[in-house]
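One file, final-v9.txt, is given below (compact mmCIF, C-alpha atoms).
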# COMPACT_ATOMS: atom_id res chain seq x y z
CA MET A 64 34.62 -5.68 13.42
CA GLY A 65 33.39 -8.23 15.92
CA ARG A 66 33.18 -11.99 15.79
CA TYR A 67 30.16 -13.73 17.30
CA LEU A 68 29.23 -17.38 17.64
CA ILE A 69 25.51 -17.88 18.20
CA LYS A 70 24.98 -21.32 19.75
CA ASN A 71 21.96 -23.58 20.34
CA GLY A 72 19.36 -21.46 18.56
CA HIS A 73 16.60 -22.60 16.20
CA LEU A 74 17.38 -21.12 12.78
CA ILE A 75 14.52 -20.07 10.52
CA ASP A 76 16.05 -19.31 7.11
CA PRO A 77 13.40 -19.88 4.42
CA ALA A 78 15.71 -18.72 1.60
CA ASN A 79 17.91 -21.77 2.28
CA GLY A 80 15.21 -24.17 3.47
CA ILE A 81 16.50 -24.27 7.05
CA ASP A 82 14.13 -24.77 9.98
CA GLY A 83 16.04 -26.39 12.81
CA LYS A 84 18.79 -26.15 15.41
CA MET A 85 21.87 -24.47 13.97
CA ASP A 86 24.87 -22.45 15.13
CA ILE A 87 25.93 -19.32 13.28
CA LEU A 88 29.42 -17.82 13.22
CA ILE A 89 29.62 -14.13 12.30
CA SER A 90 32.93 -12.64 11.24
CA GLY A 91 33.01 -8.94 10.52
CA LYS A 92 29.96 -7.95 8.48
CA GLU A 93 29.25 -11.42 7.13
CA ILE A 94 27.96 -14.84 8.03
CA PHE A 95 31.08 -17.05 8.09
CA GLU A 96 29.62 -20.45 8.91
CA VAL A 97 26.27 -22.12 9.55
CA ALA A 98 26.39 -25.62 10.99
CA ALA A 99 24.62 -27.92 13.43
CA ASP A 100 27.41 -27.69 16.00
CA ILE A 101 30.31 -25.27 15.63
CA ASP A 102 33.15 -26.03 18.02
CA ILE A 103 33.88 -22.99 20.18
CA ASN A 104 37.55 -24.01 20.20
CA SER A 105 37.86 -24.28 16.44
CA LYS A 106 40.32 -22.03 14.62
CA ASN A 107 37.60 -19.76 13.22
CA ALA A 108 35.54 -19.51 16.42
CA LYS A 109 38.12 -19.37 19.19
CA ASP A 110 38.15 -15.56 19.47
CA ALA A 111 34.42 -15.07 19.00
CA ASP A 112 32.00 -13.78 21.63
CA ILE A 113 29.63 -16.64 22.49
CA ILE A 114 25.88 -15.97 22.48
CA ASP A 115 23.69 -18.73 23.90
CA ALA A 116 20.41 -18.72 21.95
CA SER A 117 18.91 -21.76 23.70
CA GLY A 118 15.13 -21.65 23.46
CA LYS A 119 15.28 -18.78 20.95
CA VAL A 120 14.79 -18.49 17.20
CA ILE A 121 17.26 -16.87 14.82
CA MET A 122 15.83 -15.23 11.70
CA PRO A 123 16.98 -12.95 8.89
CA GLY A 124 16.49 -9.31 9.84
CA PHE A 125 13.09 -8.01 8.83
CA ILE A 126 12.70 -5.58 5.93
CA ASP A 127 9.98 -2.95 6.19
CA LEU A 128 9.10 -1.44 2.83
CA HIS A 129 6.75 1.17 4.26
CA VAL A 130 7.96 3.54 6.97
CA HIS A 131 7.63 7.25 7.71
CA LEU A 132 10.70 8.77 9.37
CA ARG A 133 9.41 12.40 9.23
CA GLU A 134 12.90 13.86 8.77
CA PRO A 135 13.46 16.37 7.26
CA GLY A 136 10.77 18.81 8.33
CA PHE A 137 8.82 17.04 11.08
CA GLU A 138 11.53 16.01 13.52
CA TYR A 139 9.23 16.53 16.49
CA LYS A 140 7.32 13.44 15.28
CA GLU A 141 10.34 11.28 14.44
CA THR A 142 13.94 11.56 13.25
CA VAL A 143 16.01 9.25 11.11
CA MET A 144 17.83 8.11 14.25
CA THR A 145 14.79 7.54 16.49
CA GLY A 146 12.99 5.70 13.69
CA ALA A 147 16.05 3.56 13.02
CA MET A 148 16.36 2.77 16.74
CA ALA A 149 12.69 1.74 16.78
CA ALA A 150 13.36 -0.51 13.80
CA ALA A 151 16.33 -2.16 15.53
CA LYS A 152 14.22 -2.76 18.64
CA GLY A 153 11.62 -4.45 16.46
CA GLY A 154 14.11 -6.69 14.67
CA VAL A 155 13.84 -4.66 11.47
CA THR A 156 17.26 -4.24 9.84
CA THR A 157 16.24 -2.47 6.62
CA ILE A 158 13.61 0.24 6.24
CA CYS A 159 12.28 2.18 3.27
CA PRO A 160 11.15 5.67 4.33
CA MET A 161 8.40 7.32 2.33
CA PRO A 162 9.04 10.67 0.61
CA ASN A 163 6.30 12.81 2.20
CA THR A 164 8.70 14.86 4.31
CA LYS A 165 9.30 18.61 4.12
CA PRO A 166 10.80 19.09 1.63
CA VAL A 167 9.49 16.09 -0.28
CA ILE A 168 12.15 13.58 -1.39
CA ASP A 169 11.66 14.19 -5.10
CA THR A 170 15.15 14.70 -6.59
CA PRO A 171 18.42 12.77 -6.69
CA ALA A 172 19.99 15.41 -4.43
CA LYS A 173 17.32 14.93 -1.78
CA VAL A 174 17.74 11.15 -1.95
CA LYS A 175 21.46 11.63 -1.34
CA ASP A 176 20.75 14.06 1.49
CA LEU A 177 18.57 11.50 3.26
CA LEU A 178 21.21 8.82 2.77
CA GLY A 179 23.73 11.22 4.32
CA ARG A 180 21.48 11.72 7.34
CA ALA A 181 21.24 7.93 7.68
CA LYS A 182 24.99 7.19 7.71
CA GLU A 183 25.12 6.67 11.47
CA ALA A 184 21.78 4.88 11.73
CA PRO A 185 21.80 1.40 13.30
CA VAL A 186 19.84 -0.13 10.41
CA ASN A 187 19.94 0.03 6.62
CA ILE A 188 17.89 2.91 5.17
CA LEU A 189 16.81 2.83 1.52
CA PRO A 190 14.80 5.94 0.56
CA VAL A 191 11.65 5.96 -1.55
CA GLY A 192 11.39 8.90 -3.94
CA ALA A 193 8.22 10.78 -4.84
CA ILE A 194 6.47 10.02 -8.13
CA THR A 195 5.65 13.69 -8.76
CA ILE A 196 7.49 16.86 -7.87
CA ASP A 197 6.47 18.00 -4.37
CA GLN A 198 3.83 15.25 -4.54
CA ASP A 199 1.56 17.78 -6.21
CA GLY A 200 0.39 15.40 -8.94
CA VAL A 201 1.38 17.75 -11.78
CA ASP A 202 4.92 16.94 -12.98
CA ILE A 203 6.77 13.62 -12.81
CA SER A 204 9.98 13.53 -10.76
CA ASP A 205 13.36 12.38 -12.07
CA ILE A 206 12.68 8.69 -11.46
CA ALA A 207 15.78 7.33 -13.18
CA GLY A 208 17.97 9.92 -11.44
CA MET A 209 16.61 9.03 -8.02
CA LYS A 210 17.30 5.37 -8.67
CA GLU A 211 20.89 6.18 -9.58
CA ALA A 212 21.17 8.25 -6.38
CA GLY A 213 20.13 5.26 -4.26
CA ALA A 214 16.33 5.23 -4.06
CA ALA A 215 14.76 1.79 -3.77
CA ALA A 216 11.38 2.69 -5.26
CA VAL A 217 9.04 5.58 -6.02
CA SER A 218 5.71 6.32 -4.36
CA GLU A 219 3.23 9.10 -3.78
CA ASP A 220 2.42 7.58 -0.40
CA GLY A 221 -0.06 9.57 1.63
CA LYS A 222 -2.12 10.07 -1.51
CA SER A 223 -2.70 8.59 -4.94
CA VAL A 224 -1.66 10.17 -8.21
CA MET A 225 -5.24 10.93 -9.21
CA ASN A 226 -4.39 12.04 -12.76
CA THR A 227 -4.61 8.66 -14.50
CA TRP A 228 -2.74 9.80 -17.63
CA LEU A 229 0.13 11.14 -15.50
CA PHE A 230 0.30 7.98 -13.39
CA ARG A 231 0.40 5.84 -16.53
CA LYS A 232 3.29 7.92 -17.83
CA ALA A 233 5.11 7.55 -14.50
CA LEU A 234 4.67 3.77 -14.59
CA HIS A 235 6.25 3.67 -18.04
CA GLU A 236 9.20 5.76 -16.85
CA ALA A 237 9.60 3.55 -13.79
CA ALA A 238 9.49 0.41 -15.94
CA GLU A 239 12.21 1.84 -18.19
CA ALA A 240 14.34 2.70 -15.14
CA GLY A 241 13.73 -0.70 -13.53
CA MET A 242 12.20 1.00 -10.50
CA PRO A 243 9.32 -0.50 -8.45
CA VAL A 244 6.28 1.71 -7.88
CA PHE A 245 4.68 1.62 -4.43
CA SER A 246 1.02 2.56 -4.74
CA HIS A 247 -1.12 4.23 -2.07
CA CYS A 248 -4.54 3.18 -3.31
CA GLU A 249 -7.12 5.80 -2.39
CA ASP A 250 -9.61 7.66 -4.52
CA ILE A 251 -9.74 10.91 -2.59
CA SER A 252 -13.20 11.80 -3.91
CA LEU A 253 -14.61 8.50 -2.65
CA ALA A 254 -12.83 8.84 0.69
CA ASP A 255 -14.80 12.09 0.95
CA GLY A 256 -13.34 13.37 4.22
CA GLY A 257 -13.96 10.13 6.12
CA VAL A 258 -12.00 9.37 9.27
CA MET A 259 -12.81 5.68 9.86
CA ASN A 260 -14.39 2.72 8.11
CA TYR A 261 -17.92 3.26 6.88
CA GLY A 262 -20.30 0.98 8.75
CA ALA A 263 -22.27 0.41 11.93
CA LYS A 264 -19.44 1.64 14.16
CA SER A 265 -19.01 4.92 12.27
CA GLU A 266 -22.75 5.50 12.54
CA GLU A 267 -22.67 4.66 16.26
CA LEU A 268 -19.86 7.16 16.86
CA GLY A 269 -21.36 9.75 14.53
CA LEU A 270 -18.19 9.97 12.42
CA PRO A 271 -17.86 10.16 8.63
CA GLY A 272 -16.87 6.83 7.11
CA ILE A 273 -14.61 5.72 4.26
CA ILE A 274 -16.14 3.12 1.94
CA ASN A 275 -14.11 0.14 0.73
CA ALA A 276 -14.45 1.27 -2.87
CA ALA A 277 -12.18 4.25 -2.12
CA GLU A 278 -9.36 1.67 -2.06
CA ASP A 279 -10.66 -0.93 -4.44
CA VAL A 280 -11.19 1.40 -7.41
CA ILE A 281 -7.55 2.54 -7.35
CA VAL A 282 -6.24 -1.00 -6.76
CA ALA A 283 -8.02 -2.08 -9.95
CA ARG A 284 -6.86 1.01 -11.87
CA ASP A 285 -3.24 0.67 -10.87
CA ILE A 286 -3.10 -3.05 -11.65
CA LEU A 287 -4.45 -2.43 -15.16
CA LEU A 288 -2.06 0.46 -15.76
CA ALA A 289 0.91 -1.55 -14.49
CA LYS A 290 -0.09 -4.42 -16.78
CA GLU A 291 -0.01 -2.09 -19.77
CA ALA A 292 3.29 -0.49 -18.71
CA GLY A 293 5.06 -3.72 -17.74
CA CYS A 294 6.01 -2.11 -14.44
CA ARG A 295 6.61 -3.76 -11.07
CA LEU A 296 3.72 -2.57 -8.89
CA HIS A 297 3.64 -2.94 -5.13
CA LEU A 298 0.31 -2.20 -3.46
CA CYS A 299 0.71 -0.60 -0.05
CA HIS A 300 -1.38 -1.20 3.09
CA CYS A 301 -4.19 -3.25 1.50
CA SER A 302 -7.19 -3.34 3.81
CA THR A 303 -10.22 -4.76 1.99
CA ALA A 304 -11.50 -8.14 0.90
CA ASP A 305 -11.84 -6.98 -2.71
CA SER A 306 -8.21 -5.84 -2.75
CA VAL A 307 -7.29 -9.45 -2.03
CA LEU A 308 -9.48 -10.66 -4.89
CA LEU A 309 -8.00 -8.12 -7.29
CA VAL A 310 -4.43 -9.07 -6.33
CA GLU A 311 -5.30 -12.73 -6.84
CA MET A 312 -6.59 -11.95 -10.33
CA ALA A 313 -3.39 -10.03 -11.14
CA LYS A 314 -1.22 -12.93 -9.99
CA LYS A 315 -3.20 -15.41 -12.08
CA GLN A 316 -2.30 -13.27 -15.10
CA GLY A 317 1.37 -13.38 -14.15
CA LEU A 318 1.63 -9.64 -13.58
CA LEU A 319 4.49 -8.03 -11.64
CA VAL A 320 2.18 -7.17 -8.76
CA THR A 321 2.87 -7.64 -5.05
CA ALA A 322 0.81 -6.53 -2.08
CA GLU A 323 1.39 -5.79 1.57
CA VAL A 324 -0.80 -6.02 4.65
CA CYS A 325 -0.10 -4.05 7.82
CA PRO A 326 -0.28 -5.67 11.27
CA HIS A 327 -3.05 -3.32 12.41
CA HIS A 328 -5.23 -4.37 9.48
CA PHE A 329 -4.88 -8.11 10.13
CA THR A 330 -5.16 -7.71 13.91
CA MET A 331 -8.02 -5.31 14.66
CA SER A 332 -11.40 -4.52 13.11
CA ASP A 333 -13.56 -1.43 13.44
CA ASP A 334 -15.77 -3.42 15.84
CA GLU A 335 -12.96 -3.06 18.38
CA ILE A 336 -12.86 0.72 18.26
CA THR A 337 -14.03 1.58 21.76
CA GLU A 338 -14.36 5.35 21.46
CA ASP A 339 -13.77 8.40 19.32
CA ASP A 340 -10.03 8.58 19.91
CA GLY A 341 -7.21 9.53 17.56
CA ARG A 342 -5.21 6.38 18.32
CA PHE A 343 -7.77 4.44 16.22
CA LYS A 344 -7.38 6.74 13.21
CA MET A 345 -5.26 5.41 10.36
CA ASN A 346 -5.44 5.40 6.57
CA PRO A 347 -6.70 3.05 5.28
CA PRO A 348 -8.91 2.69 8.33
CA LEU A 349 -9.50 -0.37 10.47
CA ARG A 350 -12.02 -2.30 8.37
CA SER A 351 -14.80 -4.79 9.07
CA ARG A 352 -14.28 -8.21 10.59
CA ALA A 353 -15.02 -9.72 7.15
CA ASP A 354 -12.18 -7.68 5.66
CA VAL A 355 -9.81 -8.73 8.46
CA ASN A 356 -10.64 -12.38 7.83
CA ALA A 357 -10.06 -11.93 4.09
CA LEU A 358 -6.66 -10.35 4.70
CA ARG A 359 -5.62 -13.20 6.98
CA ALA A 360 -6.76 -15.73 4.38
CA GLY A 361 -4.92 -13.82 1.66
CA LEU A 362 -1.72 -13.99 3.67
CA ARG A 363 -2.29 -17.68 4.39
CA ASP A 364 -2.95 -18.52 0.74
CA GLY A 365 0.08 -16.65 -0.60
CA ILE A 366 -1.93 -13.96 -2.36
CA MET A 367 -0.66 -11.18 -0.12
CA ASP A 368 3.12 -11.29 -0.21
CA ILE A 369 4.45 -8.93 2.42
CA ILE A 370 3.91 -7.55 5.90
CA SER A 371 4.91 -3.90 6.30
CA THR A 372 4.01 -1.47 9.05
CA ASP A 373 3.21 1.94 7.52
CA HIS A 374 4.94 3.21 10.68
CA ALA A 375 3.55 6.76 10.98
CA PRO A 376 4.50 8.56 14.20
CA HIS A 377 2.78 11.73 15.39
CA GLY A 378 3.04 14.00 18.40
CA THR A 379 1.13 12.88 21.49
CA GLU A 380 -1.08 15.97 21.59
CA GLU A 381 -1.91 15.61 17.90
CA LYS A 382 -3.29 12.10 18.40
CA ALA A 383 -5.04 12.84 21.72
CA GLN A 384 -8.01 14.31 19.87
CA SER A 385 -11.23 13.27 18.21
CA MET A 386 -10.75 11.36 14.99
CA LEU A 387 -12.21 14.39 13.26
CA LYS A 388 -9.11 16.42 14.16
CA ALA A 389 -6.30 13.92 14.75
CA PRO A 390 -3.92 13.06 11.89
CA PHE A 391 -4.00 9.62 10.31
CA GLY A 392 -1.31 7.21 11.46
CA ILE A 393 -0.12 4.41 13.73
CA VAL A 394 3.38 3.38 14.80
CA GLY A 395 4.36 -0.22 14.16
CA LEU A 396 8.08 -0.93 13.90
CA GLU A 397 8.38 -2.19 17.49
CA THR A 398 5.25 -4.36 17.43
CA SER A 399 5.12 -5.87 13.93
CA PHE A 400 6.81 -9.19 14.62
CA ALA A 401 4.96 -9.78 17.89
CA LEU A 402 1.59 -9.05 16.29
CA GLY A 403 2.44 -11.22 13.30
CA TYR A 404 3.57 -14.11 15.48
CA THR A 405 0.68 -13.80 17.95
CA VAL A 406 -2.14 -13.31 15.45
CA LEU A 407 -0.97 -15.20 12.37
CA VAL A 408 1.34 -17.97 13.63
CA LYS A 409 -0.30 -18.79 16.94
CA GLY A 410 -3.64 -18.15 15.24
CA GLY A 411 -2.93 -20.90 12.72
CA TYR A 412 -2.77 -18.83 9.53
CA LEU A 413 0.98 -19.00 8.90
CA THR A 414 3.95 -21.07 9.96
CA LEU A 415 6.91 -19.17 11.40
CA PRO A 416 8.94 -19.70 8.19
CA GLN A 417 6.03 -18.26 6.21
CA LEU A 418 5.90 -15.22 8.49
CA VAL A 419 9.64 -14.69 8.05
CA THR A 420 9.22 -15.01 4.28
CA LYS A 421 6.65 -12.21 4.31
CA MET A 422 8.71 -9.99 6.61
CA SER A 423 12.16 -10.58 5.14
CA VAL A 424 12.56 -12.75 2.04
CA ASN A 425 9.75 -11.32 -0.10
CA PRO A 426 10.42 -7.64 0.71
CA ALA A 427 14.04 -8.11 -0.38
CA LYS A 428 12.85 -9.48 -3.71
CA VAL A 429 10.53 -6.54 -4.34
CA ILE A 430 13.33 -3.97 -4.12
CA GLY A 431 16.02 -6.27 -5.48
CA ILE A 432 18.44 -6.36 -2.56
CA ASP A 433 20.61 -9.26 -1.40
CA LYS A 434 19.01 -9.60 2.02
CA GLY A 435 16.73 -12.05 3.80
CA ASN A 436 19.30 -14.80 3.47
CA LEU A 437 21.61 -16.18 6.17
CA ALA A 438 23.89 -18.33 4.02
CA PRO A 439 27.67 -18.08 4.52
CA GLY A 440 29.02 -15.04 2.73
CA LYS A 441 25.82 -13.01 3.18
CA ILE A 442 25.68 -9.80 5.23
CA ALA A 443 24.89 -10.62 8.86
CA ASP A 444 21.55 -8.86 9.26
CA LEU A 445 19.66 -11.09 11.68
CA VAL A 446 17.46 -11.18 14.73
CA ILE A 447 17.16 -13.41 17.78
CA ALA A 448 13.71 -13.65 19.36
CA GLY A 449 12.01 -15.44 22.22
CA ILE A 450 8.80 -16.66 20.59
CA ASP A 451 7.54 -18.26 23.80
CA THR A 452 8.02 -15.05 25.78
CA GLU A 453 4.71 -13.39 26.58
CA TYR A 454 4.68 -9.68 27.38
CA ARG A 455 2.45 -6.63 27.24
CA ILE A 456 3.07 -3.93 24.66
CA ASP A 457 4.16 -0.79 26.51
CA SER A 458 4.22 2.27 24.28
CA SER A 459 5.92 4.33 27.00
CA LYS A 460 9.06 2.26 26.36
CA PHE A 461 9.12 2.70 22.59
CA ALA A 462 12.33 3.94 21.00
CA SER A 463 10.18 5.80 18.49
CA LYS A 464 9.03 9.29 19.37
CA GLY A 465 5.54 8.13 18.40
CA ARG A 466 3.27 6.53 20.99
CA ASN A 467 0.21 6.39 18.74
CA THR A 468 -0.97 2.79 18.87
CA PRO A 469 -4.25 1.13 19.87
CA PHE A 470 -2.25 -1.93 20.97
CA ASN A 471 -0.80 -0.48 24.17
CA GLY A 472 -1.32 -3.04 26.95
CA MET A 473 -2.07 -5.92 24.58
CA LYS A 474 -0.59 -9.32 25.53
CA VAL A 475 1.61 -10.71 22.76
CA TYR A 476 4.28 -13.35 22.16
CA GLY A 477 7.59 -12.94 20.36
CA ARG A 478 10.00 -10.63 22.15
CA ILE A 479 12.99 -9.41 20.17
CA GLU A 480 16.15 -10.26 22.14
CA LYS A 481 18.96 -9.10 19.85
CA THR A 482 19.23 -7.45 16.46
CA PHE A 483 22.35 -7.52 14.29
CA THR A 484 22.97 -5.20 11.36
CA GLY A 485 26.08 -5.76 9.32
CA GLY A 486 27.48 -8.12 11.93
CA GLU A 487 27.14 -5.70 14.84
CA ILE A 488 24.63 -5.86 17.70
CA VAL A 489 22.42 -2.78 17.32
CA TYR A 490 19.79 -3.81 19.85
CA ASP A 491 20.02 -5.98 22.96
CA TYR A 492 16.97 -6.44 25.17
CA ASN A 493 19.19 -7.04 28.20
CA LYS A 494 21.11 -3.77 27.85
Can the structure from this file be put into C-alpha cells for me?
Amino acid sequence: MGRYLIKNGHLIDPANGIDGKMDILISGKEIFEVAADIDINSKNAKDADIIDASGKVIMPGFIDLHVHLREPGFEYKETVMTGAMAAAKGGVTTICPMPNTKPVIDTPAKVKDLLGRAKEAPVNILPVGAITIDQDGVDISDIAGMKEAGAAAVSEDGKSVMNTWLFRKALHEAAEAGMPVFSHCEDISLADGGVMNYGAKSEELGLPGIINAAEDVIVARDILLAKEAGCRLHLCHCSTADSVLLVEMAKKQGLLVTAEVCPHHFTMSDDEITEDDGRFKMNPPLRSRADVNALRAGLRDGIMDIISTDHAPHGTEEKAQSMLKAPFGIVGLETSFALGYTVLVKGGYLTLPQLVTKMSVNPAKVIGIDKGNLAPGKIADLVIAGIDTEYRIDSSKFASKGRNTPFNGMKVYGRIEKTFTGGEIVYDYNK
C-alpha cells in the first residue's frame, strides 16, 4: 500500500471540528497523522509521495445513499464498474445502489452476488435490498438475511409499497433487524401517469402533470408508520415544500426520520424546462420555484439532512424522446459536489462544512458506517477539490455511461482534483 503526504491544503473535517490549513499523512489504508505542518523529512513521512494541495480543500469522501448502477440486467445503461468510476470522478467514495435491477436484489444471495461484482470497484459499494420480493408489493423479502449478507438498507425505490398493511409489517421487521428503510414516496394513483410537475409549464407544453400531493401523502403515511414501528426511516429524493414541513414535524417529535434532497431538485425548477425533452424527465419531477426555495431553506435550517443524487443512467436514445416516452431519470454522481457548492455554498445557504456534513458525515450516520471522518486511524477515504475552479459541465466526458442531464454546459465551481478510497488514488483529474 502507498504512503502519501498531502501538504498545504485546507482541511474541512466537520466530524472533528476542523476547518483550516492542515497536512495529512496517509499510510496504507488509513490516516496516520493530521497536523498543521508535517515535516517531509520526518521518520513517518520520508518515504511518502508528496501531494501539494495549495489552494485546494481536502474533505472526507462523499457518501451517496441513492444510486442506480443497473447491473445486473441493464448493463447497457450502466455497470457496477462504470458507475463506480463516475462516483470516484465526483469525489464519492461510498455508494448505495438501489435494488431495482434484473433480477431484483431481494435475497441474501443476490446481495452477496452484487458485492462480488463490486470487489474490483474503485469505491465502496453497499447494496440496498428490496422490501418485497421482486418489488411486486406482495411478499416481504428476507430483511434480516439481507442485512447479514451485507446490505446497508432496504428500499422499494422506483415505487412505493402501496399496501399500507404490508409496509407497516416491513417496517416492524426492519426495526427488529436494525435495518434502515429508504422510502420512495409516491402515491401511484395520484401520480396518474404524469411526466412532469403539474403547473403552468405542464399546461404550456401540453404534458400530464404530477401534483405535489402524490409525494406528500406518502411522506406523511410513512412517517406515521415509522413512528409506530420505531424504525429508522430515510425519505428519498424529497421535492416539495410540504415534505420539508412534514420532516420538520417528525424531527420535533424526536422520530428516527432523515430526509435527502437531490441536486437537481435544489438547483432547477420546472420554470427552466425549455422544451419537451427527456433530459428534463425525472421522478419526482422538477418542481415549482416555491418548492425549490423551500428545499434550500430546509437544507439551510438543518431539517433536510442529506444530499444524494438518485443517479439514474439511461441509454442516449431512450432519453432523446418526448417526456411522454422517455424513462424517468437523471445522472448525478459527477456533478453533485459542484452543484452543491455552486448553488448552496456560493448561494449563501450553507457553509462548506455544512455541505460536507450533508454529503459525508450524515449519510454515514444513517447507515451506521465508520466513514465521514478524517481522524488518525480512520480509513483514508477523502477528496481534494479546487473550489475556486470554474468550469462547464461536459456530459460527453462523464465516466458514467449515462449522459442524461439538463446541466450540460452549465458553469459551476468546485472541480474534483483527486479522490482516495482506502488510501489509494482512484481518480486524478490530471491523469
What's around region 365-381 of chain A at 9 Å? Count all atoms listed in the file, leave out sequence neighbours fewer than 6 positions away in its own chain, and write the answer as a PyMOL selection string. chain A and resi 126-133+139-141+146+299-301+307-308+310-311+314+321-327+341+345+358-359+388-396+398-399+403+418+420-426+463-467
For CA of Ala427 (chain A) and CA of Leu189 (chain A), quote the distance in Å rounded to one decimal.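 Pair CA of Ala427 (chain A) / CA of Leu189 (chain A) returns 11.4 Å.
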Just how far from CA of Ala108 (chain A) is CA of Asp491 (chain A), in Å to one decimal?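 One can read the CA of Asp491 (chain A) to CA of Ala108 (chain A) distance as 21.6 Å.
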Find the residues with any atom within 7 Å of (25.7, -19.4, 4.9); use all atoms listed in the file and the coordinates as given in the file, and write the answer as a VMD selection string. chain A and resid 94 to 97 437 to 441
For the point (16.9, -6.3, -9.9) in the file's frame, write as a list in words all residues with an atom no more than 10 Å away, counting only C-alpha atoms.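 The residues near that point, listed by chain and number, are Gly241, Met242, Pro243, Lys428, Val429, Ile430, Gly431, Ile432 and Asp433 of chain A.
Nearest to Leu402 (chain A) of all the residues A:Tyr492, A:Phe483, A:Phe461, A:Phe329 is A:Phe329, counting only C-alpha atoms.
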Residues near Val419 (chain A), anyone? I mean within 8 Å using all atoms listed in the file, not counting same-chain ones fewer than 5 positions away, as a list in words.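 My list of contacting residues is Ile75, Asp76, Pro77, Met122, Pro123, Phe125 and Val424 of chain A.
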Using all atoms listed in the file, which residue out of A:Gly72, A:Gly486, A:Pro160, A:Gly449 lies closest to Phe400 (chain A)?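 Of all the options, A:Gly449 lies closest to Phe400 (chain A).
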Need to verify the contact set: Lys210 (chain A), 12 Å, only C-alpha atoms, exclusion of same-chain residues closer than 3 positions in sequence. Can you return it as a ChimeraX atom specification? /A:169-175,189-194,204-207,213-217,236-244,430
Just give me the gap between CA of Ala443 (chain A) and CA of Lys152 (chain A) in Å, one decimal is fine.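 Distance reported for this atom pair: 16.5 Å.
Shortest atom-to-atom contact with Leu296 (chain A) among A:Thr195, A:Ser351, A:Asn226, A:Ser246: A:Ser246, counting only C-alpha atoms.
In terms of minimum interatomic distance to Gly221 (chain A), A:Pro347 ranks closest within A:Gly272, A:Gly118, A:Gly256, A:Pro347, counting all atoms listed in the file.
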Counting all atoms listed in the file, which of A:Lys222, A:Arg342, A:Arg363, A:Lys460 gets nearest to Ser385 (chain A)?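 Of all the options, A:Arg342 lies closest to Ser385 (chain A).
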At a cut-off of 12 Å, using only C-alpha atoms, what residues contact Asn356 (chain A)? Leave out same-chain residues fewer than 5 positions from it and give the result as a list in words.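 Those residues are Ser302, Thr303, Ala304, Asp305, Val307, His328, Phe329, Thr330, Met331, Ser332, Arg350, Ser351, Gly361, Leu362, Arg363, Val406, Leu407, Gly410 and Tyr412 of chain A.
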If we count all atoms listed in the file and set the cut-off at 10 Å, which residues sit around Ile101 (chain A), ignoring sequence neighbours fewer than 5 positions away in its own chain? Please answer as a compact mmCIF listing (two decimals) with C-alpha atoms, in the frame of the given file.
# COMPACT_ATOMS: atom_id res chain seq x y z
CA LEU A 68 29.23 -17.38 17.64
CA ILE A 69 25.51 -17.88 18.20
CA LYS A 70 24.98 -21.32 19.75
CA ASN A 71 21.96 -23.58 20.34
CA MET A 85 21.87 -24.47 13.97
CA ASP A 86 24.87 -22.45 15.13
CA ILE A 87 25.93 -19.32 13.28
CA LEU A 88 29.42 -17.82 13.22
CA GLU A 96 29.62 -20.45 8.91
CA ASN A 107 37.60 -19.76 13.22
CA ALA A 108 35.54 -19.51 16.42
Could you check which of A:Ala212, A:Asp202, A:Glu267, A:Leu349 is closest to Trp228 (chain A), using all atoms listed in the file? A:Asp202
